[in-house]
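Q: Just so it is clear, I am handing over my_file.txt, which has compact mmCIF, C-alpha atoms.
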```
# COMPACT_ATOMS: atom_id res chain seq x y z
CA MET T 1 -105.11 -35.20 -81.42
CA ASP T 2 -106.93 -33.68 -78.47
CA TYR T 3 -106.94 -30.02 -79.36
CA ARG T 4 -109.17 -29.13 -76.43
CA ALA T 5 -106.16 -29.75 -74.23
CA ASP T 6 -104.60 -26.73 -75.94
CA GLU T 7 -107.32 -24.35 -74.73
CA GLU T 8 -106.62 -21.47 -72.38
CA ALA T 9 -105.20 -22.48 -68.99
CA PRO T 10 -103.04 -20.73 -66.41
CA LEU T 11 -99.30 -21.41 -66.60
CA VAL T 12 -99.01 -22.49 -62.99
CA SER T 13 -102.01 -23.19 -60.76
CA GLY T 14 -102.04 -23.89 -57.07
CA GLU T 15 -102.21 -27.64 -57.63
CA ASP T 16 -99.45 -27.44 -60.23
CA ARG T 17 -97.10 -25.94 -57.67
CA LYS T 18 -97.68 -28.96 -55.48
CA GLY T 19 -97.05 -31.37 -58.34
CA ARG T 20 -94.10 -33.61 -58.59
CA ALA T 21 -90.71 -31.98 -58.87
CA GLY T 22 -88.75 -32.38 -62.06
CA LYS T 23 -85.83 -31.00 -63.98
CA SER T 24 -86.21 -27.31 -64.77
CA TYR T 25 -85.39 -26.30 -68.34
CA THR T 26 -85.62 -22.54 -67.85
CA ARG T 27 -81.82 -22.45 -67.56
CA ASP T 28 -81.51 -23.91 -71.05
CA VAL T 29 -83.98 -21.37 -72.44
CA HIS T 30 -81.90 -18.53 -70.97
CA ILE T 31 -78.65 -19.91 -72.39
CA LEU T 32 -80.14 -20.63 -75.81
CA SER T 33 -81.69 -17.16 -76.01
CA ILE T 34 -78.51 -15.31 -74.99
CA SER T 35 -76.44 -17.42 -77.37
CA PHE T 36 -78.66 -16.50 -80.32
CA LEU T 37 -78.59 -12.82 -79.29
CA LEU T 38 -74.78 -12.76 -79.30
CA ILE T 39 -74.58 -14.64 -82.60
CA PHE T 40 -77.11 -12.51 -84.44
CA LEU T 41 -75.68 -9.24 -83.13
CA ALA T 42 -72.70 -10.12 -85.27
CA TYR T 43 -74.53 -11.63 -88.23
CA GLY T 44 -77.00 -8.75 -88.54
CA ALA T 45 -74.20 -6.17 -88.58
CA ALA T 46 -72.21 -8.19 -91.12
CA GLN T 47 -75.27 -8.50 -93.38
CA ASN T 48 -75.98 -4.75 -93.22
CA LEU T 49 -72.37 -3.79 -93.92
CA GLU T 50 -72.16 -6.26 -96.78
CA THR T 51 -74.99 -4.51 -98.63
CA THR T 52 -73.73 -0.96 -97.96
CA VAL T 53 -69.93 -1.14 -98.15
CA ASN T 54 -69.69 -3.89 -100.83
CA LYS T 55 -72.96 -3.49 -102.70
CA ASP T 56 -72.43 -5.73 -105.75
CA LEU T 57 -70.64 -8.45 -103.79
CA GLY T 58 -73.14 -8.15 -100.96
CA THR T 59 -76.18 -8.41 -103.23
CA ILE T 60 -74.98 -11.56 -104.99
CA SER T 61 -73.64 -13.29 -101.87
CA LEU T 62 -76.89 -12.71 -99.98
CA GLY T 63 -78.83 -14.07 -102.92
CA ILE T 64 -76.65 -17.18 -102.85
CA LEU T 65 -77.16 -17.43 -99.10
CA TYR T 66 -80.97 -17.48 -99.21
CA VAL T 67 -81.15 -19.88 -102.16
CA SER T 68 -78.76 -22.22 -100.33
CA PHE T 69 -80.83 -21.77 -97.15
CA MET T 70 -84.02 -22.76 -99.00
CA PHE T 71 -82.64 -25.96 -100.54
CA CYS T 72 -80.72 -27.02 -97.42
CA SER T 73 -83.87 -26.60 -95.33
CA MET T 74 -85.40 -29.45 -97.33
CA VAL T 75 -82.89 -31.87 -95.83
CA ALA T 76 -82.36 -30.13 -92.48
CA SER T 77 -84.89 -32.31 -90.64
CA LEU T 78 -82.90 -35.43 -91.60
CA VAL T 79 -79.64 -33.86 -90.37
CA VAL T 80 -81.19 -32.73 -87.08
CA ARG T 81 -82.79 -36.14 -86.50
CA SER T 82 -79.49 -37.88 -87.18
CA MET T 83 -77.23 -35.77 -84.97
CA GLY T 84 -79.66 -34.41 -82.36
CA SER T 85 -80.87 -30.85 -81.94
CA LYS T 86 -78.09 -29.73 -79.56
CA ASN T 87 -75.35 -30.95 -81.89
CA ALA T 88 -77.15 -29.30 -84.82
CA LEU T 89 -77.23 -26.01 -82.89
CA VAL T 90 -73.52 -26.18 -82.16
CA LEU T 91 -72.61 -27.08 -85.75
CA GLY T 92 -74.90 -24.37 -87.09
CA THR T 93 -72.99 -21.65 -85.24
CA THR T 94 -69.88 -22.39 -87.33
CA GLY T 95 -71.56 -21.07 -90.48
CA TYR T 96 -72.32 -17.72 -88.87
CA TRP T 97 -68.82 -17.48 -87.41
CA LEU T 98 -67.23 -18.09 -90.82
CA PHE T 99 -69.57 -15.59 -92.49
CA VAL T 100 -68.62 -12.82 -90.05
CA ALA T 101 -64.93 -13.74 -90.34
CA ALA T 102 -65.18 -13.56 -94.14
CA ASN T 103 -66.36 -9.95 -93.82
CA LEU T 104 -62.96 -9.00 -92.42
CA LYS T 105 -61.57 -9.51 -95.93
CA PRO T 106 -64.63 -9.50 -98.21
CA SER T 107 -63.98 -10.85 -101.70
CA TRP T 108 -65.58 -13.28 -104.12
CA PHE T 109 -63.26 -16.03 -102.86
CA THR T 110 -64.34 -15.56 -99.23
CA MET T 111 -67.96 -14.42 -99.36
CA VAL T 112 -69.41 -16.86 -101.91
CA PRO T 113 -68.18 -20.06 -100.15
CA ALA T 114 -69.12 -18.55 -96.76
CA SER T 115 -72.63 -17.77 -98.03
CA LEU T 116 -73.10 -21.27 -99.44
CA TYR T 117 -72.02 -22.89 -96.18
CA LEU T 118 -74.09 -20.47 -94.11
CA GLY T 119 -77.18 -21.56 -96.05
CA PHE T 120 -76.60 -25.10 -94.76
CA ALA T 121 -75.66 -23.96 -91.25
CA ALA T 122 -78.69 -21.66 -90.98
CA SER T 123 -81.04 -24.46 -92.01
CA ILE T 124 -79.87 -26.86 -89.29
CA ILE T 125 -79.49 -24.25 -86.54
CA TRP T 126 -83.07 -23.01 -87.03
CA VAL T 127 -84.63 -26.45 -87.34
CA GLY T 128 -82.54 -27.47 -84.33
CA GLN T 129 -83.71 -24.38 -82.42
CA GLY T 130 -87.39 -25.07 -83.05
CA THR T 131 -87.01 -28.75 -82.19
CA TYR T 132 -84.93 -28.15 -79.06
CA LEU T 133 -87.14 -25.39 -77.65
CA THR T 134 -90.27 -27.45 -78.28
CA SER T 135 -88.73 -30.56 -76.70
CA ILE T 136 -87.64 -28.83 -73.49
CA ALA T 137 -91.02 -27.08 -73.23
CA ARG T 138 -92.81 -30.43 -73.43
CA SER T 139 -90.42 -31.99 -70.93
CA HIS T 140 -90.79 -29.03 -68.55
CA ALA T 141 -94.59 -29.18 -68.75
CA LYS T 142 -94.63 -32.92 -68.11
CA ASP T 143 -92.12 -32.89 -65.25
CA HIS T 144 -93.85 -30.02 -63.44
CA GLY T 145 -97.44 -30.84 -64.29
CA VAL T 146 -98.07 -27.56 -66.07
CA HIS T 147 -100.10 -26.72 -69.16
CA GLU T 148 -98.02 -27.63 -72.23
CA GLY T 149 -99.37 -24.89 -74.51
CA SER T 150 -98.61 -22.20 -71.93
CA VAL T 151 -95.05 -23.42 -71.40
CA ILE T 152 -94.44 -23.51 -75.16
CA GLY T 153 -95.74 -19.95 -75.39
CA VAL T 154 -93.61 -18.65 -72.51
CA PHE T 155 -90.42 -20.36 -73.73
CA ASN T 156 -90.94 -19.06 -77.29
CA GLY T 157 -91.78 -15.61 -75.97
CA GLU T 158 -88.50 -15.36 -74.07
CA PHE T 159 -86.45 -16.72 -76.94
CA TRP T 160 -87.92 -14.45 -79.61
CA ALA T 161 -87.82 -11.40 -77.33
CA MET T 162 -84.12 -11.93 -76.72
CA PHE T 163 -83.53 -12.65 -80.40
CA ALA T 164 -85.30 -9.43 -81.46
CA CYS T 165 -82.96 -7.43 -79.20
CA HIS T 166 -80.16 -8.01 -81.71
CA GLN T 167 -81.83 -5.36 -83.90
CA LEU T 168 -81.76 -2.87 -81.04
CA PHE T 169 -78.30 -3.54 -79.61
CA GLY T 170 -76.70 -4.29 -82.98
CA ASN T 171 -77.76 -0.95 -84.43
CA LEU T 172 -76.66 0.95 -81.31
CA ILE T 173 -73.21 -0.69 -81.32
CA THR T 174 -72.82 -0.11 -85.06
CA LEU T 175 -73.82 3.53 -84.66
CA ALA T 176 -71.31 4.01 -81.83
CA LEU T 177 -68.38 2.45 -83.70
CA LEU T 178 -69.17 3.90 -87.13
CA LYS T 179 -70.55 7.28 -86.09
CA ASP T 180 -67.96 9.12 -88.20
CA GLY T 181 -68.19 6.76 -91.16
CA LYS T 182 -69.95 7.34 -94.47
CA GLU T 183 -71.88 5.02 -96.70
CA GLY T 184 -69.51 3.00 -98.84
CA SER T 185 -66.56 3.62 -96.50
CA THR T 186 -64.56 0.80 -94.91
CA SER T 187 -63.14 2.91 -92.06
CA GLY T 188 -64.05 1.41 -88.74
CA THR T 189 -65.62 -1.70 -90.22
CA THR T 190 -62.65 -3.91 -89.31
CA LEU T 191 -62.91 -2.91 -85.65
CA LEU T 192 -66.66 -3.48 -85.76
CA MET T 193 -66.24 -6.95 -87.26
CA LEU T 194 -63.63 -7.86 -84.64
CA VAL T 195 -65.99 -6.79 -81.85
CA PHE T 196 -68.81 -8.81 -83.35
CA LEU T 197 -66.54 -11.79 -84.01
CA PHE T 198 -65.83 -11.81 -80.27
CA SER T 199 -69.59 -11.68 -79.64
CA MET T 200 -70.07 -14.56 -82.07
CA THR T 201 -67.40 -16.63 -80.30
CA LEU T 202 -69.07 -16.10 -76.92
CA GLY T 203 -72.42 -17.15 -78.40
CA THR T 204 -70.88 -20.31 -79.86
CA ILE T 205 -69.22 -21.24 -76.54
CA LEU T 206 -72.51 -20.73 -74.68
CA MET T 207 -74.26 -23.18 -77.02
CA PHE T 208 -72.13 -26.00 -75.56
CA PHE T 209 -73.72 -25.44 -72.14
CA ILE T 210 -77.30 -26.29 -73.08
CA ARG T 211 -78.22 -29.81 -72.01
CA ASN T 212 -78.98 -32.74 -74.26
CA ILE T 213 -82.60 -33.83 -74.33
CA ASP T 214 -83.27 -37.36 -73.23
CA GLY T 215 -86.41 -39.31 -72.55
CA GLU T 216 -89.66 -39.58 -74.45
CA ASP T 217 -90.24 -35.85 -74.96
CA GLY T 218 -86.80 -35.26 -76.41
CA LYS T 219 -86.48 -36.81 -79.83
CA GLU T 220 -82.68 -37.20 -79.70
CA ASN T 221 -82.16 -40.63 -81.21
CA VAL T 222 -78.54 -39.95 -82.10
CA GLY T 223 -77.64 -43.58 -81.67
CA SER T 224 -80.27 -44.77 -84.12
CA PRO T 225 -79.13 -47.72 -86.25
CA VAL T 226 -80.60 -46.19 -89.39
CA GLY T 227 -77.80 -46.14 -91.94
CA LEU T 228 -76.83 -43.51 -94.46
CA VAL T 229 -78.40 -45.38 -97.39
CA ASP T 230 -81.70 -45.81 -95.55
CA SER T 231 -81.70 -42.12 -94.63
CA LEU T 232 -81.10 -41.05 -98.23
CA VAL T 233 -83.82 -43.38 -99.48
CA SER T 234 -86.30 -41.92 -96.99
CA LEU T 235 -85.32 -38.32 -97.79
CA PRO T 236 -87.93 -37.70 -100.55
CA ARG T 237 -90.63 -39.09 -98.29
CA MET T 238 -89.52 -36.84 -95.42
CA ILE T 239 -89.72 -33.78 -97.69
CA ILE T 240 -93.11 -34.62 -99.21
CA THR T 241 -94.92 -36.16 -96.22
CA PRO T 242 -95.46 -32.89 -94.26
CA LEU T 243 -97.12 -31.36 -97.35
CA LEU T 244 -99.62 -34.24 -97.48
CA ASP T 245 -101.04 -33.01 -94.17
CA ILE T 246 -103.91 -30.59 -94.82
CA ARG T 247 -102.96 -28.64 -91.69
CA MET T 248 -99.50 -27.90 -93.09
CA LEU T 249 -100.94 -26.88 -96.45
CA LEU T 250 -103.24 -24.41 -94.72
CA ILE T 251 -100.33 -22.97 -92.72
CA VAL T 252 -97.96 -22.58 -95.71
CA PRO T 253 -99.36 -19.16 -96.80
CA LEU T 254 -98.74 -17.84 -93.27
CA LEU T 255 -95.21 -19.27 -93.27
CA ALA T 256 -94.48 -17.60 -96.60
CA TYR T 257 -95.99 -14.32 -95.43
CA SER T 258 -93.79 -14.33 -92.31
CA GLY T 259 -90.75 -14.41 -94.59
CA LEU T 260 -92.18 -11.79 -96.96
CA GLN T 261 -92.83 -9.27 -94.20
CA GLN T 262 -89.31 -9.68 -92.83
CA ALA T 263 -87.79 -9.21 -96.28
CA PHE T 264 -90.06 -6.21 -96.94
CA VAL T 265 -88.64 -4.40 -93.90
CA TRP T 266 -85.00 -4.55 -94.97
CA ALA T 267 -85.46 -4.60 -98.75
CA GLU T 268 -88.19 -1.96 -99.20
CA PHE T 269 -89.19 -0.23 -95.98
CA THR T 270 -85.74 1.03 -94.96
CA LYS T 271 -84.86 2.05 -98.51
CA GLU T 272 -88.13 3.52 -99.79
CA ILE T 273 -89.78 4.84 -96.61
CA VAL T 274 -87.21 5.52 -93.89
CA THR T 275 -84.30 6.87 -95.93
CA PRO T 276 -86.28 9.50 -97.91
CA ALA T 277 -88.01 10.68 -94.72
CA ILE T 278 -85.18 10.87 -92.16
CA GLY T 279 -82.05 10.01 -94.12
CA VAL T 280 -79.59 7.11 -94.10
CA SER T 281 -78.54 7.98 -90.54
CA GLY T 282 -82.13 7.46 -89.42
CA VAL T 283 -82.28 3.84 -90.61
CA GLY T 284 -80.45 2.62 -87.51
CA GLY T 285 -82.89 4.46 -85.26
CA ALA T 286 -85.93 3.11 -87.10
CA MET T 287 -84.60 -0.45 -86.93
CA ALA T 288 -83.81 -0.01 -83.23
CA VAL T 289 -87.47 0.94 -82.68
CA TYR T 290 -88.50 -2.05 -84.79
CA GLY T 291 -86.32 -4.38 -82.71
CA ALA T 292 -87.45 -2.94 -79.36
CA LEU T 293 -91.17 -3.34 -80.12
CA ASP T 294 -90.48 -6.76 -81.66
CA ALA T 295 -88.85 -7.86 -78.39
CA VAL T 296 -91.58 -6.45 -76.13
CA CYS T 297 -94.34 -7.96 -78.24
CA SER T 298 -92.61 -11.35 -78.45
CA MET T 299 -92.46 -11.61 -74.68
CA THR T 300 -96.03 -10.37 -74.24
CA ALA T 301 -97.52 -12.61 -76.94
CA GLY T 302 -95.69 -15.60 -75.50
CA ARG T 303 -97.19 -14.97 -72.07
CA PHE T 304 -100.72 -14.94 -73.50
CA THR T 305 -100.24 -18.09 -75.60
CA SER T 306 -101.93 -21.24 -74.35
CA GLY T 307 -103.53 -22.98 -77.31
CA LEU T 308 -104.97 -22.77 -80.79
CA SER T 309 -107.71 -20.32 -79.87
CA SER T 310 -105.29 -17.81 -78.32
CA ILE T 311 -102.86 -18.23 -81.23
CA THR T 312 -105.66 -17.55 -83.72
CA PHE T 313 -106.68 -14.34 -81.93
CA ILE T 314 -103.11 -13.05 -81.51
CA VAL T 315 -102.00 -13.87 -85.07
CA SER T 316 -105.08 -12.20 -86.56
CA GLY T 317 -104.34 -9.03 -84.60
CA GLY T 318 -100.68 -8.95 -85.63
CA VAL T 319 -101.33 -9.57 -89.33
CA LEU T 320 -104.09 -6.95 -89.46
CA ALA T 321 -101.82 -4.44 -87.71
CA GLN T 322 -99.21 -4.92 -90.42
CA ALA T 323 -101.92 -4.70 -93.10
CA SER T 324 -102.81 -1.24 -91.79
CA ILE T 325 -99.22 -0.13 -92.46
CA PHE T 326 -99.32 -1.51 -95.99
CA LEU T 327 -102.56 0.39 -96.64
CA TRP T 328 -100.98 3.52 -95.15
CA ILE T 329 -98.06 3.23 -97.57
CA LEU T 330 -100.31 2.40 -100.53
CA LEU T 331 -102.50 5.45 -99.93
CA GLY T 332 -99.42 7.63 -99.69
CA GLN T 333 -100.41 9.24 -96.37
CA THR T 334 -96.82 9.78 -95.25
CA SER T 335 -96.82 13.42 -94.31
CA GLY T 336 -98.81 15.98 -92.38
CA VAL T 337 -99.31 16.21 -88.64
CA LEU T 338 -96.95 13.32 -87.87
CA GLY T 339 -94.08 14.98 -89.74
CA THR T 340 -90.96 12.81 -89.83
CA ALA T 341 -92.19 10.58 -86.99
CA TYR T 342 -94.28 8.37 -89.25
CA PRO T 343 -91.41 6.02 -90.25
CA LEU T 344 -90.81 5.29 -86.56
CA ILE T 345 -94.50 4.61 -85.98
CA MET T 346 -94.55 2.29 -88.99
CA ALA T 347 -91.39 0.53 -87.78
CA ALA T 348 -92.96 0.01 -84.35
CA ILE T 349 -96.13 -1.57 -85.75
CA LEU T 350 -94.18 -3.75 -88.20
CA GLY T 351 -92.00 -4.89 -85.28
CA ILE T 352 -95.10 -5.76 -83.25
CA GLY T 353 -96.40 -7.90 -86.12
CA ASP T 354 -93.04 -9.65 -86.54
CA GLY T 355 -92.85 -10.47 -82.84
CA ILE T 356 -96.34 -11.95 -82.95
CA LEU T 357 -95.62 -14.06 -86.02
CA ASN T 358 -92.33 -15.41 -84.67
CA THR T 359 -93.74 -16.56 -81.34
CA GLN T 360 -97.13 -17.76 -82.54
CA ILE T 361 -95.96 -19.70 -85.61
CA SER T 362 -93.38 -21.53 -83.50
CA ALA T 363 -96.00 -22.36 -80.87
CA LEU T 364 -98.50 -23.42 -83.54
CA LEU T 365 -96.09 -25.85 -85.18
CA ALA T 366 -95.10 -27.25 -81.78
CA LEU T 367 -98.73 -27.91 -80.85
CA LEU T 368 -99.97 -29.31 -84.17
CA PHE T 369 -97.00 -31.43 -85.24
CA LYS T 370 -95.88 -33.23 -82.10
CA HIS T 371 -94.82 -36.36 -83.98
CA ASP T 372 -92.73 -34.58 -86.64
CA THR T 373 -91.34 -31.46 -85.00
CA GLU T 374 -88.19 -31.39 -87.13
CA GLY T 375 -90.17 -31.71 -90.35
CA ALA T 376 -92.56 -28.94 -89.35
CA PHE T 377 -89.80 -26.45 -88.54
CA ALA T 378 -87.96 -27.45 -91.72
CA GLN T 379 -91.07 -26.50 -93.71
CA LEU T 380 -91.15 -23.17 -91.89
CA LYS T 381 -87.62 -22.36 -93.02
CA VAL T 382 -88.17 -23.64 -96.58
CA TRP T 383 -91.09 -21.28 -97.15
CA GLN T 384 -89.60 -18.36 -95.24
CA SER T 385 -86.28 -18.48 -97.10
CA ALA T 386 -88.02 -18.98 -100.45
CA ALA T 387 -90.16 -15.88 -99.82
CA ILE T 388 -87.12 -13.85 -98.75
CA ALA T 389 -85.19 -14.95 -101.84
CA ILE T 390 -88.08 -13.92 -104.11
CA VAL T 391 -88.25 -10.46 -102.54
CA PHE T 392 -84.48 -10.17 -102.70
CA PHE T 393 -84.32 -10.89 -106.44
CA LEU T 394 -87.49 -9.01 -107.48
CA SER T 395 -87.20 -5.84 -105.39
CA PRO T 396 -84.86 -4.04 -107.85
CA TYR T 397 -87.37 -4.57 -110.67
CA ILE T 398 -90.75 -3.76 -109.12
CA SER T 399 -92.07 -0.59 -107.52
CA LEU T 400 -92.87 -0.06 -103.87
CA GLN T 401 -96.58 0.12 -104.69
CA ALA T 402 -96.46 -3.24 -106.49
CA MET T 403 -94.67 -4.81 -103.54
CA VAL T 404 -97.21 -3.42 -101.09
CA ILE T 405 -100.06 -4.85 -103.19
CA VAL T 406 -98.35 -8.25 -103.11
CA MET T 407 -98.07 -7.95 -99.32
CA LEU T 408 -101.77 -7.10 -98.97
CA VAL T 409 -102.74 -10.06 -101.16
CA MET T 410 -100.60 -12.36 -99.03
CA VAL T 411 -102.19 -10.92 -95.88
CA CYS T 412 -105.62 -11.89 -97.18
CA VAL T 413 -104.60 -15.34 -98.40
CA SER T 414 -102.63 -16.26 -95.26
CA LEU T 415 -105.28 -14.97 -92.86
CA VAL T 416 -108.18 -16.72 -94.62
CA SER T 417 -106.21 -19.97 -94.85
CA PHE T 418 -105.19 -19.77 -91.19
CA LEU T 419 -108.73 -19.05 -89.99
CA PHE T 420 -109.97 -21.99 -92.05
CA LEU T 421 -107.37 -24.16 -90.31
CA ALA T 422 -108.61 -23.03 -86.90
CA LEU T 423 -112.22 -23.84 -87.86
CA LYS T 424 -111.21 -27.20 -89.31
CA VAL T 425 -109.32 -28.24 -86.18
CA GLU T 426 -112.28 -27.25 -83.99
CA LYS T 427 -114.66 -29.14 -86.30
CA VAL T 428 -112.47 -32.26 -86.14
CA PHE T 429 -112.50 -32.13 -82.35
CA THR T 430 -116.25 -31.60 -82.21
CA HIS T 431 -116.76 -34.57 -84.55
CA ASP T 432 -114.47 -36.76 -82.43
CA GLU T 433 -116.49 -35.86 -79.33
```
Take the structure from the file and write it as structure tokens.

A:
Amino acid sequence: MDYRADEEAPLVSGEDRKGRAGKSYTRDVHILSISFLLIFLAYGAAQNLETTVNKDLGTISLGILYVSFMFCSMVASLVVRSMGSKNALVLGTTGYWLFVAANLKPSWFTMVPASLYLGFAASIIWVGQGTYLTSIARSHAKDHGVHEGSVIGVFNGEFWAMFACHQLFGNLITLALLKDGKEGSTSGTTLLMLVFLFSMTLGTILMFFIRNIDGEDGKENVGSPVGLVDSLVSLPRMIITPLLDIRMLLIVPLLAYSGLQQAFVWAEFTKEIVTPAIGVSGVGGAMAVYGALDAVCSMTAGRFTSGLSSITFIVSGGVLAQASIFLWILLGQTSGVLGTAYPLIMAAILGIGDGILNTQISALLALLFKHDTEGAFAQLKVWQSAAIAIVFFLSPYISLQAMVIVMLVMVCVSLVSFLFLALKVEKVFTHDE
């Protein structure tokens, strides 16, 4: 693979503007991004309420969800290849819709089946999202004669910025509708779920308006003659093959860390840092700050993405920024001149790191695994969901300090492994020259 083609280049040069006209896919990026925002406004609120209003039921159902997500991600690439990324996106929305609907009458008979199905739906919607966004970015770059790495960065930046806004808007809407509620109370939650169910329905309808990908850059071989038996026989190979690539093995620690840091925010940070400092009512504000900085950083990082060298620089900065927060927590410097503002500062920096990881990992997989995009994004979700499930099950039994040490160890391992990958890719190119 010619990695030098992924080096820094402007998104649109003077000659590019004079290039041949082609289909513009920016419309599809806008629709996809807004659809995910509307869907995850609802899902995020449902997830938060499930763990506060129905704690025992919420804890177990979320555990079931992430375990199901992990195992279903192993076969998600096969499903997405078979039905096409757009169809996978549309089908995936049904799992989120049913999960939010189940929260109207939460019980073991509604939440457990909804969580199991959502694990499957989440796996195909996220593999479909990564595949679809990468495909339209490649098609857009080819049709308009623009730099592929830059287009991938810009498209991912817009998507992840819009996606991160669900933290901001979701918390503001929840605060407005439940401002008189108390923890453990169900008053107002029915109205909130109905509002978010409407949001979810709009997001699902919007998903029908994105266009199918056709041509060589879109890998939508829905009409493939491969039969069910052949697909099942090839399944073990499809799961194992990506892990035989040394590049994927070197990225795995970073994929796992991206899931760990997300789980740390909702499982430890909000509970052990934000709540003691500014109270339960301050959690929404802290997460709104987290979401706002996540969105801004996603858009900014996407604009500066053009290839492996830029991704390496940006990822290193984001991971080290988060490491500074973990050291801050470990050293216990959570008082003094900053007063009660320190949880908001921490939330902002953690949000910046999350925005960087979301955009840059997606761009990295798109650039390195052009011939197996579905498999690469399936691996991303396998390792992310596995890491989240581990944090979810272990957090009640280990201290905050122990968790922070684990995070710092993962920072070191993932960063060293990722930097080694960058050096290896450059060395391979230099050797090929």

Q: Range 250-255 of chain T, all listed atoms, 6 Å padding on each side: what axis-aligned box centre and edge lengths in Å to one decimal come out, as AutoDock Vina command-line options?

A:
```
--center_x -99.2 --center_y -21.1 --center_z -94.8 --size_x 20.0 --size_y 18.6 --size_z 16.1
```

Q: If you measure from CA of Asn212 in chain T to CA of Ile31 in chain T, what distance in Å do you get, rounded to one decimal?

A: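 Going from CA of Asn212 in chain T over to CA of Ile31 in chain T covers 13.0 Å.
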
Q: Go through T:Gly317, T:Pro113, T:Pro343, T:Gly84 one by one, measure the shortest atom-to-atom distance of each to Leu98 in chain T using all atoms listed in the file, and give the residue with the smallest value.

A: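 Answer, going by the shortest atom-to-atom distance: T:Pro113.
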
Q: How many Å lie between CA of Ile210 in chain T and CA of Tyr132 in chain T, rounded to one decimal?

A: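 It comes out at 9.9 Å.
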
Q: Select, from T:Phe313, T:Tyr257, T:Phe196, T:Phe120, the residue with the minimum atom-to-atom distance to Ser414 in chain T, counting only C-alpha atoms.

A: T:Tyr257

Q: What does the structure give for the distance between CA of Leu320 in chain T and CA of His166 in chain T, in Å to one decimal?

A: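 Calculated distance between CA of Leu320 in chain T and CA of His166 in chain T is 25.2 Å.
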
Q: Show me the residues around (-73.4, -17.0, -105.8) - criterion: an atom at most 9 Å away, all atoms listed in the file counted - as a ChimeraX atom specification.

A: /T:60-65,108,111-113,115-116

Q: Which is closer to Asp245 in chain T than all the others in T:Tyr96, T:Phe169, T:Tyr25, T:Phe369, using all atoms listed in the file?

A: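 Checking each of T:Tyr96, T:Phe169, T:Tyr25, T:Phe369 against Asp245 in chain T, counting all atoms listed in the file, the winner is T:Phe369.
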
Q: Would you kindly place N, CA and C atoms on range 158-171 of chain T and return the model as a PDB file, keeping the file's coordinate frame?

A:
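See selection-v3.pdb below for the written result:
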```pdb
ATOM      1  N   GLU T 158     -89.817 -15.798 -74.554  1.00  0.00           N
ATOM      2  CA  GLU T 158     -88.500 -15.360 -74.070  1.00  0.00           C
ATOM      3  C   GLU T 158     -87.450 -15.448 -75.173  1.00  0.00           C
ATOM      4  N   PHE T 159     -87.459 -16.561 -75.904  1.00  0.00           N
ATOM      5  CA  PHE T 159     -86.450 -16.720 -76.940  1.00  0.00           C
ATOM      6  C   PHE T 159     -86.556 -15.621 -77.994  1.00  0.00           C
ATOM      7  N   TRP T 160     -87.765 -15.411 -78.528  1.00  0.00           N
ATOM      8  CA  TRP T 160     -87.920 -14.450 -79.610  1.00  0.00           C
ATOM      9  C   TRP T 160     -87.753 -13.005 -79.139  1.00  0.00           C
ATOM     10  N   ALA T 161     -88.066 -12.737 -77.870  1.00  0.00           N
ATOM     11  CA  ALA T 161     -87.820 -11.400 -77.330  1.00  0.00           C
ATOM     12  C   ALA T 161     -86.326 -11.122 -77.272  1.00  0.00           C
ATOM     13  N   MET T 162     -85.570 -12.090 -76.784  1.00  0.00           N
ATOM     14  CA  MET T 162     -84.120 -11.930 -76.720  1.00  0.00           C
ATOM     15  C   MET T 162     -83.523 -11.842 -78.130  1.00  0.00           C
ATOM     16  N   PHE T 163     -84.034 -12.670 -79.025  1.00  0.00           N
ATOM     17  CA  PHE T 163     -83.530 -12.650 -80.400  1.00  0.00           C
ATOM     18  C   PHE T 163     -83.780 -11.291 -81.045  1.00  0.00           C
ATOM     19  N   ALA T 164     -84.970 -10.711 -80.834  1.00  0.00           N
ATOM     20  CA  ALA T 164     -85.300  -9.430 -81.460  1.00  0.00           C
ATOM     21  C   ALA T 164     -84.404  -8.305 -80.951  1.00  0.00           C
ATOM     22  N   CYS T 165     -83.833  -8.467 -79.754  1.00  0.00           N
ATOM     23  CA  CYS T 165     -82.960  -7.430 -79.200  1.00  0.00           C
ATOM     24  C   CYS T 165     -81.693  -7.228 -80.023  1.00  0.00           C
ATOM     25  N   HIS T 166     -81.365  -8.200 -80.894  1.00  0.00           N
ATOM     26  CA  HIS T 166     -80.160  -8.010 -81.710  1.00  0.00           C
ATOM     27  C   HIS T 166     -80.328  -6.824 -82.654  1.00  0.00           C
ATOM     28  N   GLN T 167     -81.574  -6.544 -83.069  1.00  0.00           N
ATOM     29  CA  GLN T 167     -81.830  -5.360 -83.900  1.00  0.00           C
ATOM     30  C   GLN T 167     -81.523  -4.091 -83.124  1.00  0.00           C
ATOM     31  N   LEU T 168     -81.957  -4.054 -81.873  1.00  0.00           N
ATOM     32  CA  LEU T 168     -81.760  -2.870 -81.040  1.00  0.00           C
ATOM     33  C   LEU T 168     -80.287  -2.668 -80.694  1.00  0.00           C
ATOM     34  N   PHE T 169     -79.679  -3.677 -80.070  1.00  0.00           N
ATOM     35  CA  PHE T 169     -78.300  -3.540 -79.610  1.00  0.00           C
ATOM     36  C   PHE T 169     -77.307  -3.496 -80.778  1.00  0.00           C
ATOM     37  N   GLY T 170     -77.594  -4.282 -81.825  1.00  0.00           N
ATOM     38  CA  GLY T 170     -76.700  -4.290 -82.980  1.00  0.00           C
ATOM     39  C   GLY T 170     -76.611  -2.931 -83.648  1.00  0.00           C
ATOM     40  N   ASN T 171     -77.768  -2.268 -83.806  1.00  0.00           N
ATOM     41  CA  ASN T 171     -77.760  -0.950 -84.430  1.00  0.00           C
ATOM     42  C   ASN T 171     -77.102   0.101 -83.541  1.00  0.00           C
TER      43      ASN T 171
END
```
